[in-house]
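Have a look at target32.txt; it's compact mmCIF, C-alpha atoms:
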# COMPACT_ATOMS: atom_id res chain seq x y z
CA MET A 290 -10.23 8.69 -12.47
CA ASN A 291 -12.28 9.24 -15.59
CA SER A 292 -11.58 5.68 -16.73
CA THR A 293 -13.26 3.99 -13.77
CA ILE A 294 -16.45 1.99 -14.19
CA GLN A 295 -19.74 3.84 -13.89
CA PHE A 296 -22.29 1.43 -12.46
CA ASP A 297 -25.27 2.07 -14.68
CA GLU A 298 -28.07 -0.46 -15.28
CA ALA A 299 -25.96 -2.70 -17.55
CA TRP A 300 -22.91 -2.77 -15.25
CA SER A 301 -25.13 -3.29 -12.21
CA ARG A 302 -26.71 -6.35 -13.84
CA LYS A 303 -23.23 -7.77 -14.47
CA VAL A 304 -22.42 -7.37 -10.78
CA GLU A 305 -25.71 -8.97 -9.76
CA ALA A 306 -24.97 -12.01 -11.94
CA ILE A 307 -21.48 -12.43 -10.45
CA TYR A 308 -22.88 -12.21 -6.91
CA THR A 309 -25.10 -15.25 -7.54
CA THR A 310 -22.18 -17.60 -8.30
CA SER A 311 -21.41 -20.29 -5.76
CA ASP A 312 -17.98 -18.98 -4.78
CA VAL A 313 -19.22 -15.43 -4.22
CA VAL A 314 -22.11 -16.80 -2.16
CA ALA A 315 -19.48 -18.61 -0.09
CA GLN A 316 -17.54 -15.37 0.31
CA ARG A 317 -20.71 -13.64 1.49
CA GLN A 318 -21.21 -16.35 4.12
CA ALA A 319 -17.63 -15.81 5.28
CA VAL A 320 -18.29 -12.07 5.63
CA LEU A 321 -21.39 -12.79 7.72
CA ARG A 322 -19.37 -15.12 9.92
CA LEU A 323 -16.73 -12.46 10.52
CA LEU A 324 -19.22 -9.65 11.14
CA ALA A 325 -21.38 -11.89 13.40
CA PRO A 326 -24.58 -9.79 13.25
CA ARG A 327 -26.84 -10.11 16.26
CA GLU A 328 -30.54 -9.55 16.81
CA GLY A 329 -31.47 -5.96 17.50
CA GLU A 330 -28.28 -4.45 16.10
CA ARG A 331 -28.06 -1.48 13.77
CA ILE A 332 -25.73 -2.27 10.86
CA LEU A 333 -24.46 -0.17 7.96
CA ASP A 334 -23.74 -1.72 4.55
CA ILE A 335 -21.46 0.67 2.63
CA GLY A 336 -21.78 0.00 -1.09
CA ALA A 337 -24.73 -2.35 -0.75
CA GLY A 338 -24.74 -3.16 -4.48
CA PRO A 339 -27.63 -5.40 -5.54
CA GLY A 340 -28.62 -6.02 -1.92
CA PHE A 341 -27.75 -9.67 -1.28
CA LEU A 342 -25.76 -8.95 1.88
CA ALA A 343 -28.26 -6.36 3.14
CA GLN A 344 -30.99 -8.99 2.81
CA ASP A 345 -28.97 -11.50 4.84
CA LEU A 346 -28.22 -8.87 7.47
CA ALA A 347 -31.89 -7.91 7.74
CA ARG A 348 -32.73 -11.52 8.51
CA ALA A 349 -29.95 -11.73 11.09
CA VAL A 350 -30.78 -8.57 13.07
CA GLY A 351 -34.50 -9.37 13.12
CA PRO A 352 -37.43 -6.96 13.42
CA ASP A 353 -35.86 -5.11 16.35
CA GLY A 354 -32.69 -4.40 14.36
CA THR A 355 -32.02 -2.12 11.42
CA VAL A 356 -29.91 -2.37 8.28
CA GLU A 357 -29.00 0.83 6.48
CA GLY A 358 -27.54 0.29 3.02
CA ILE A 359 -26.06 2.95 0.79
CA ASP A 360 -24.68 2.92 -2.73
CA VAL A 361 -23.63 5.71 -5.05
CA ALA A 362 -25.23 3.99 -8.07
CA GLU A 363 -28.97 4.51 -8.43
CA ALA A 364 -29.31 1.28 -10.46
CA MET A 365 -27.74 -0.69 -7.61
CA VAL A 366 -30.02 0.94 -5.04
CA ALA A 367 -33.09 0.09 -7.12
CA MET A 368 -32.01 -3.58 -7.24
CA ALA A 369 -31.31 -3.64 -3.51
CA GLN A 370 -34.64 -2.03 -2.67
CA CYS A 371 -36.43 -4.64 -4.76
CA ARG A 372 -34.47 -7.51 -3.20
CA CYS A 373 -35.13 -6.26 0.35
CA ALA A 374 -38.77 -5.27 -0.22
CA GLY A 375 -39.97 -7.93 2.21
CA TYR A 376 -37.79 -6.58 5.04
CA PRO A 377 -39.13 -3.36 6.59
CA ASN A 378 -36.04 -3.22 8.82
CA ALA A 379 -33.78 -2.72 5.75
CA ARG A 380 -33.49 0.75 4.26
CA LEU A 381 -31.56 1.24 1.02
CA GLN A 382 -30.72 4.66 -0.39
CA THR A 383 -28.22 6.47 -2.55
CA GLY A 384 -25.33 7.82 -0.56
CA ASP A 385 -21.68 8.87 -0.65
CA ALA A 386 -19.28 6.88 1.52
CA THR A 387 -17.13 9.98 2.01
CA ARG A 388 -20.11 11.92 3.45
CA LEU A 389 -22.31 9.48 5.35
CA ALA A 390 -25.70 10.96 6.24
CA PHE A 391 -25.76 9.48 9.75
CA PRO A 392 -24.90 10.87 13.21
CA ASP A 393 -21.75 9.90 15.08
CA GLY A 394 -21.60 6.53 16.78
CA VAL A 395 -25.00 5.18 15.74
CA PHE A 396 -24.00 1.78 14.29
CA ASP A 397 -23.09 -1.39 16.14
CA ALA A 398 -21.37 -2.74 13.04
CA ALA A 399 -20.57 -1.88 9.44
CA VAL A 400 -19.51 -3.82 6.38
CA SER A 401 -18.11 -2.94 2.96
CA VAL A 402 -17.38 -5.60 0.36
CA GLN A 403 -15.20 -4.66 -2.63
CA VAL A 404 -16.23 -1.02 -2.46
CA PHE A 405 -13.43 1.04 -0.94
CA GLU A 406 -11.11 0.36 -3.90
CA TYR A 407 -13.60 2.27 -6.08
CA ILE A 408 -13.53 5.40 -3.90
CA GLU A 409 -10.96 8.00 -4.94
CA GLN A 410 -11.04 9.74 -1.56
CA ILE A 411 -10.63 6.49 0.35
CA ASP A 412 -9.17 7.96 3.54
CA ALA A 413 -12.18 10.26 3.87
CA ALA A 414 -14.44 7.22 3.48
CA LEU A 415 -12.57 5.28 6.17
CA ALA A 416 -12.74 8.28 8.52
CA GLU A 417 -16.51 8.34 7.99
CA LEU A 418 -16.68 4.62 8.73
CA ALA A 419 -14.90 5.21 12.04
CA ARG A 420 -17.12 8.20 12.85
CA VAL A 421 -20.47 6.40 12.56
CA LEU A 422 -19.43 3.30 14.55
CA ARG A 423 -20.22 3.34 18.26
CA PRO A 424 -17.34 2.85 20.71
CA GLY A 425 -16.54 -0.85 20.62
CA GLY A 426 -18.34 -1.27 17.30
CA ARG A 427 -16.93 -3.54 14.64
CA ALA A 428 -16.48 -3.56 10.88
CA VAL A 429 -15.52 -5.92 8.07
CA ALA A 430 -13.92 -4.56 4.91
CA VAL A 431 -13.21 -6.76 1.88
CA ALA A 432 -10.99 -5.64 -1.00
CA THR A 433 -9.25 -7.28 -3.96
CA ASP A 434 -5.61 -6.88 -4.95
CA TRP A 435 -5.62 -7.44 -8.70
CA ASP A 436 -1.97 -8.46 -8.62
CA SER A 437 -3.21 -11.58 -6.85
CA ALA A 438 -5.33 -12.70 -9.81
CA VAL A 439 -3.76 -15.84 -11.31
CA TRP A 440 -5.10 -16.93 -14.71
CA HIS A 441 -4.14 -19.80 -16.96
CA ALA A 442 -4.09 -18.74 -20.60
CA ALA A 443 -2.40 -20.04 -23.74
CA ASP A 444 -1.07 -16.54 -24.49
CA ARG A 445 0.40 -15.28 -21.23
CA GLY A 446 1.56 -11.99 -22.70
CA ARG A 447 -1.96 -11.15 -23.82
CA MET A 448 -3.31 -12.23 -20.44
CA LEU A 449 -0.95 -9.83 -18.67
CA ARG A 450 -1.92 -6.98 -21.02
CA VAL A 451 -5.60 -7.53 -20.31
CA ILE A 452 -5.13 -7.60 -16.53
CA GLU A 453 -2.95 -4.48 -16.68
CA ALA A 454 -5.65 -2.71 -18.68
CA PHE A 455 -8.31 -3.81 -16.20
CA SER A 456 -6.32 -2.32 -13.32
CA GLU A 457 -7.63 1.05 -14.54
CA HIS A 458 -11.20 0.11 -13.62
CA CYS A 459 -10.83 1.48 -10.07
CA PRO A 460 -8.62 4.05 -8.33
CA HIS A 461 -7.08 1.55 -5.87
CA PRO A 462 -6.55 -1.81 -7.62
CA HIS A 463 -3.98 -2.90 -5.00
CA LEU A 464 -5.81 -1.67 -1.89
CA PRO A 465 -5.16 -4.69 0.40
CA CYS A 466 -1.48 -3.69 0.52
CA THR A 467 -2.38 -0.51 2.43
CA LEU A 468 -5.88 -1.08 3.79
CA GLY A 469 -4.75 -2.17 7.25
CA SER A 470 -2.59 0.90 7.80
CA ARG A 471 -5.30 3.17 6.37
CA LEU A 472 -7.89 1.72 8.76
CA ALA A 473 -5.51 2.22 11.67
CA ALA A 474 -4.89 5.82 10.59
CA ALA A 475 -8.66 6.36 10.63
CA GLY A 476 -8.68 5.38 14.29
CA LEU A 477 -9.83 1.79 13.95
CA GLU A 478 -8.13 -1.20 15.58
CA VAL A 479 -7.28 -3.86 12.98
CA ALA A 480 -8.09 -7.01 14.95
CA ALA A 481 -7.50 -9.54 12.17
CA GLN A 482 -6.74 -9.88 8.48
CA GLU A 483 -7.76 -12.88 6.39
CA VAL A 484 -7.38 -14.02 2.79
CA PHE A 485 -10.40 -15.45 1.00
CA VAL A 486 -9.45 -17.46 -2.07
CA LEU A 487 -11.72 -17.91 -5.08
CA HIS A 488 -10.34 -20.96 -6.86
CA ASN A 489 -11.97 -21.86 -10.20
CA SER A 490 -10.28 -24.83 -11.83
CA ARG A 491 -12.60 -25.12 -14.82
CA TYR A 492 -14.62 -23.03 -17.24
CA ASP A 493 -18.04 -22.92 -15.56
CA PRO A 494 -20.81 -20.29 -15.62
CA ASP A 495 -21.30 -20.83 -11.87
CA THR A 496 -17.93 -19.30 -10.98
CA TYR A 497 -16.56 -15.88 -10.24
CA SER A 498 -13.95 -16.12 -13.00
CA HIS A 499 -16.61 -16.81 -15.64
CA GLY A 500 -18.60 -13.78 -14.51
CA ILE A 501 -15.63 -11.45 -14.22
CA MET A 502 -14.51 -12.39 -17.75
CA ASP A 503 -17.49 -10.52 -19.20
CA PHE A 504 -16.88 -7.68 -16.77
CA ILE A 505 -13.26 -7.39 -17.91
CA ALA A 506 -14.05 -7.82 -21.61
CA SER A 507 -16.59 -5.00 -21.43
CA PHE A 508 -14.05 -2.63 -19.89
CA VAL A 509 -10.59 -3.16 -21.36
CA PRO A 510 -11.09 -2.16 -25.04
CA GLY A 511 -9.73 1.37 -25.26
CA HIS A 512 -7.59 0.94 -22.14
CA GLY A 513 -4.48 -0.42 -23.81
CA VAL A 514 -6.14 -3.47 -25.38
CA ASP A 515 -8.23 -3.35 -28.55
CA ALA A 516 -11.53 -5.13 -29.19
CA GLU A 517 -9.97 -7.84 -31.38
CA GLU A 518 -7.36 -8.77 -28.79
CA THR A 519 -10.05 -8.77 -26.09
CA ALA A 520 -12.19 -11.16 -28.14
CA ASP A 521 -9.17 -13.43 -28.67
CA TRP A 522 -8.54 -13.41 -24.93
CA VAL A 523 -12.11 -14.50 -24.18
CA ALA A 524 -11.98 -17.20 -26.85
CA ASP A 525 -8.68 -18.50 -25.46
CA LEU A 526 -10.10 -18.83 -21.93
Serialized structure, structure tokens:
Amino acid sequence: MNSTIQFDEAWSRKVEAIYTTSDVVAQRQAVLRLLAPREGERILDIGAGPGFLAQDLARAVGPDGTVEGIDVAEAMVAMAQCRCAGYPNARLQTGDATRLAFPDGVFDAAVSVQVFEYIEQIDAALAELARVLRPGGRAVAVATDWDSAVWHAADRGRMLRVIEAFSEHCPHPHLPCTLGSRLAAAGLEVAAQEVFVLHNSRYDPDTYSHGIMDFIASFVPGHGVDAEETADWVADL
């Protein structure tokens, strides 16, 4: 889709800021718990973004393990390389999730956090995920269904228009509805599915909702909501 976000330097910095909030840090810890990285393992981070998770994984697998991180956005890769500079066992590079530059069956585990919904050819990406995992390997995939976003706003109609406009920011804004069946079709066994809730009950810079507000406000003008209505939405919240 031509309307999807292009993660240049500015957008990448917005993502980095969101990833430092307390609730997203908690989500990252939950992902690590589910993936359960072990010393000496080789792990793939698909869509490594600014490198927070890759850094944690590099610590977990230790010097005898390896973390390979890819991202399609050069600005993200540069951030991740900087963040992981102290970990020689972490390698970050640009890469396409639909054409992974790795042999078959080389990874013990793989992880992808809020990435697959941005990939137009998602089934090709999931087939590649299955291909590079060793037999018995494991993966964690996290995705957001934007229909599940619940906001309190004085003007509910405007709130709904903004969220509808923001649904254009990625090709698969409702991916969790079909992700399980897509993973199974790619040849992966879906062992468990969990819901991780981000609950922000107040206006606070150290929350996901505060960070995503700027993300949304930067995108929606020209996608069914004009700049004035967007500014009113932000002011209302």
Wanna dump the segment 355-393 of chain A-segment 327-341 of chain A contacts at 6 Å for me, each residue with its shortest atom pair and the distance in Å to one decimal, counting all atoms listed in the file, ordered by chain and number, as CSV?
residue,atom,partner,partner_atom,distance
A:Thr355,CA,A:Arg331,CA,4.6
A:Val356,CA,A:Ile332,CA,4.9
A:Glu357,CA,A:Leu333,CA,4.9
A:Gly358,CA,A:Asp334,CA,4.6
A:Ile359,CA,A:Ile335,CA,5.5
A:Asp360,CA,A:Gly336,CA,4.4
A:Met365,CA,A:Gly338,CA,5.0
A:Met368,CA,A:Pro339,CA,5.0
A:Ala369,CA,A:Gly340,CA,3.9
Which polymer residues have any atom within 7 Å of an atom of Asp297 of chain A, counting all atoms listed in the file, with same-chain residues fewer than 3 positions away left out, as a PDB file with C-alpha atoms, in the frame of the given file?
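selection_35.pdb written:
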ATOM      1  CA  TRP A 300     -22.910  -2.770 -15.250  1.00  0.00           C
ATOM      2  CA  SER A 301     -25.130  -3.290 -12.210  1.00  0.00           C
ATOM      3  CA  ALA A 362     -25.230   3.990  -8.070  1.00  0.00           C
ATOM      4  CA  ALA A 364     -29.310   1.280 -10.460  1.00  0.00           C
TER       5      ALA A 364
END
Legend entry - Pick from A:Cys459, A:Thr309, A:Glu298, A:Ile452 nearest to Pro494 of chain A, counting only C-alpha atoms: A:Thr309
Inset, instruction - Write out as an MDAnalysis selection string the residues lying within 12 Å of Ala524 of chain A, counting all atoms listed in the file and excluding same-chain residues fewer than 2 positions away. - result: chainID A and resid 442:444 448 492 502:503 506 517:522 526
For the selection you just gave me, I'd like the residues written to a file as a JSON list (two decimals), keeping the file's coordinate frame, keeping C-alpha atoms.
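File produced: again-v1.json:
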[["chain", "number", "residue", "atom", "x", "y", "z"],
["A", 442, "ALA", "CA", -4.09, -18.74, -20.60],
["A", 443, "ALA", "CA", -2.40, -20.04, -23.74],
["A", 444, "ASP", "CA", -1.07, -16.54, -24.49],
["A", 448, "MET", "CA", -3.31, -12.23, -20.44],
["A", 492, "TYR", "CA", -14.62, -23.03, -17.24],
["A", 502, "MET", "CA", -14.51, -12.39, -17.75],
["A", 503, "ASP", "CA", -17.49, -10.52, -19.20],
["A", 506, "ALA", "CA", -14.05, -7.82, -21.61],
["A", 517, "GLU", "CA", -9.97, -7.84, -31.38],
["A", 518, "GLU", "CA", -7.36, -8.77, -28.79],
["A", 519, "THR", "CA", -10.05, -8.77, -26.09],
["A", 520, "ALA", "CA", -12.19, -11.16, -28.14],
["A", 521, "ASP", "CA", -9.17, -13.43, -28.67],
["A", 522, "TRP", "CA", -8.54, -13.41, -24.93],
["A", 526, "LEU", "CA", -10.10, -18.83, -21.93]]
Inset, instruction - Just the residues within 7 Å of Ala347 of chain A, please, counting all atoms listed in the file, with nothing from its chain fewer than 4 positions along; format it as an MDAnalysis selection string. - result: chainID A and resid 343 351 355:356 376 378:379
Legend entry - Contacts of segment 415-430 of chain A at 6 Å (only C-alpha atoms; same-chain gap of 2+ positions) as a PyMOL selection string: chain A and resi 393-402+412-413+475
Can you list, as a PDB file with C-alpha atoms, keeping the file's coordinate frame, every protein, DNA or RNA residue that comes within 8 Å of Tyr497 of chain A when you count all atoms listed in the file, leaving out same-chain residues fewer than 6 positions away?
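For reference, part-v2.pdb as written:
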ATOM      1  CA  ILE A 307     -21.480 -12.430 -10.450  1.00  0.00           C
ATOM      2  CA  THR A 310     -22.180 -17.600  -8.300  1.00  0.00           C
ATOM      3  CA  SER A 311     -21.410 -20.290  -5.760  1.00  0.00           C
ATOM      4  CA  ASP A 312     -17.980 -18.980  -4.780  1.00  0.00           C
ATOM      5  CA  VAL A 313     -19.220 -15.430  -4.220  1.00  0.00           C
ATOM      6  CA  LEU A 487     -11.720 -17.910  -5.080  1.00  0.00           C
ATOM      7  CA  ASN A 489     -11.970 -21.860 -10.200  1.00  0.00           C
TER       8      ASN A 489
END
Legend entry - Pick from A:His463, A:Ile408, A:Ile501, A:Gln344, whichever lies nearest to Cys371 of chain A using all atoms listed in the file: A:Gln344
